[in-house]
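Peer 1: What follows is a single structure, and I will ask about it in a moment.
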Amino acid sequence: MENSIKGKTVLISGGTNGLGLVTARELARMGAQVTIVSRNPEKCAAVAETIKVVTGNPVEFIAADLSTLAGIMQAAATFKQRHTHLHVLVNNAGAMFIRRKLTPDGFEMTFALNHLNYFLLTNLLLDVLKDSAPARIVNVSSHAHEGASIDFDNLQSEKHFAGMQAYGQSKLANVLFTYELARRLEGSGVTANVLHPGFVFTGFARNNGALFDFGMKLIGPFIRHANEGAQTSIYLASSPEVEGVSGKYFVDCKEVDSSPISHDQGLAEKLWQVSMELTGKTA
């Protein structure tokens with residue numbers, strides 16, 4: 001496993017906490033050249049230094065707000081200024097919000113951070129990924145996509161908002177996006193896979209106030225630690241076993257089937273087109 005990632009260039013979004021931090025640390029330990037992306041520059045610097053101390057491998061960081069189009073474009077542009085290769089992109093940054101909140105671009109925060117972020121950052125980096133082939137794209141989704149649907153008439157939850165419903169929709173969008181991306185990347189040498197990390201005890205969803213934070217702490221002993229939850233991300237980023245495997249959904253480092261609606265190619269194509277329009281992507 002180590003030989004397949006050693007010396008490779010890796011970019012991980014949401015790399016200062018939970019799954020992203022563990023993924024960054026372990027890939028750095030394997031010898032990868034890791035760059036993490038997160039909003040807070042001080043936290044990015046502290047995490048990068050900690051990983052360097054623990055692994056002996058320097059880690060770069062890019063401070064950018066991935067809930068905004070400008071932040072995503074900044075992150076992609078900064079990475080390209082520093083690097084001519086990208087062998088692994090791990091789209092990990094995400095959150096759940098129990099109250100409707102809009103980004104500066106006017107998008108509902110859950111949809112913007114959890115889906116449009118993945119979509120735009122990936123598309124902005126596709127040229128360098130293709131030039132670096134064989135390369136991999138790893139998208140972190142959730143079992144929350146099961147039972148969810150995509151409501152194009154309420155995509156920004158402007159008519160009705162429910163936190164878990166918005167989150168489930170965004171996680172279904174991750175799976176649909178991955179499958180459509182894999183179809184479009186056939187023959188390019190770049191693979192795209194998506195995963196469910198399990199119900200993980202991290203800082204996730206702790207942004208929703210004291211009561212929600214207290215509830216997360218109560219159930220903490222019954223859910224996974226980030227070290228365990230990150231194993232599938234690490235596996236998909238580094239293992240020779242999945243070299244050339246694309247358009248699949250993984251749980252516990254094993255390929256499993258995702259929800260029936262996630263295989264609707266027409267739905268995936270429509271979501272792709274709408275996402276292009278929302279992000280201003282033209283190619």
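How things are named: the first chain in the structure tokens is A, the next is B, and so on; residues count from 1 in each chain; ligands count from 1 in the order shown.
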Find the nearest atom pair between each residue of stretch 14-66 of chain A and stretch 108-117 of chain A for residues within 12 Å, count only C-alpha atoms, give distances in Å to one decimal, sort rows by chain and ascending number, and present the table as JSON lines.
Peer 2:
{"residue": "A:Gly14", "atom": "CA", "partner": "A:Leu113", "partner_atom": "CA", "distance": 10.5}
{"residue": "A:Val37", "atom": "CA", "partner": "A:Asn117", "partner_atom": "CA", "distance": 11.8}
{"residue": "A:Ser38", "atom": "CA", "partner": "A:Leu113", "partner_atom": "CA", "distance": 11.8}
{"residue": "A:Arg39", "atom": "CA", "partner": "A:Leu113", "partner_atom": "CA", "distance": 11.7}
{"residue": "A:Ala64", "atom": "CA", "partner": "A:Asn117", "partner_atom": "CA", "distance": 11.4}
{"residue": "A:Asp65", "atom": "CA", "partner": "A:Leu113", "partner_atom": "CA", "distance": 9.1}
{"residue": "A:Leu66", "atom": "CA", "partner": "A:Asn117", "partner_atom": "CA", "distance": 5.9}
Peer 1: Can you tell me which residues surround A:Tyr167 at a distance of at most 12 Å, considering only C-alpha atoms, apart from same-chain residues fewer than 2 positions away, and format the answer as an NGL selection string?
Peer 2: :A and (94-100 or 108-115 or 141-150 or 155-157 or 161-165 or 169-174 or 205)
Peer 1: In Å to one decimal, how far is atom CA of A:Thr103 from atom CA of A:Gly71?
Peer 2: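 Computing it gives 11.3 Å between the two atoms.
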Peer 1: What does the structure give for the distance between atom CA of A:Val138 and atom CA of A:His85, in Å to one decimal?
Peer 2: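 Separating atom CA of A:Val138 from atom CA of A:His85 is a distance of 16.4 Å.
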Peer 1: Which is closest to A:Lys270 among A:Ser258, A:Phe152, A:Gln231, A:Ser188, if we use only C-alpha atoms?
Peer 2: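 Closest candidate: A:Phe152.
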Peer 1: Would you mind telling me which residue in A:Val242, A:Val175, A:Leu195, A:Ala237 lies nearest to A:Leu271 when using only C-alpha atoms?
Peer 2: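 Counting only C-alpha atoms, the residue closest to A:Leu271 is A:Val175.
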Peer 1: If you run DSSP on this backbone, which residues of stretch 77-197 of chain A come out as alpha helix (DSSP H), and could you give them as an NGL selection string?
Peer 2: :A and (77-82 or 109-111 or 117-131 or 163-184)
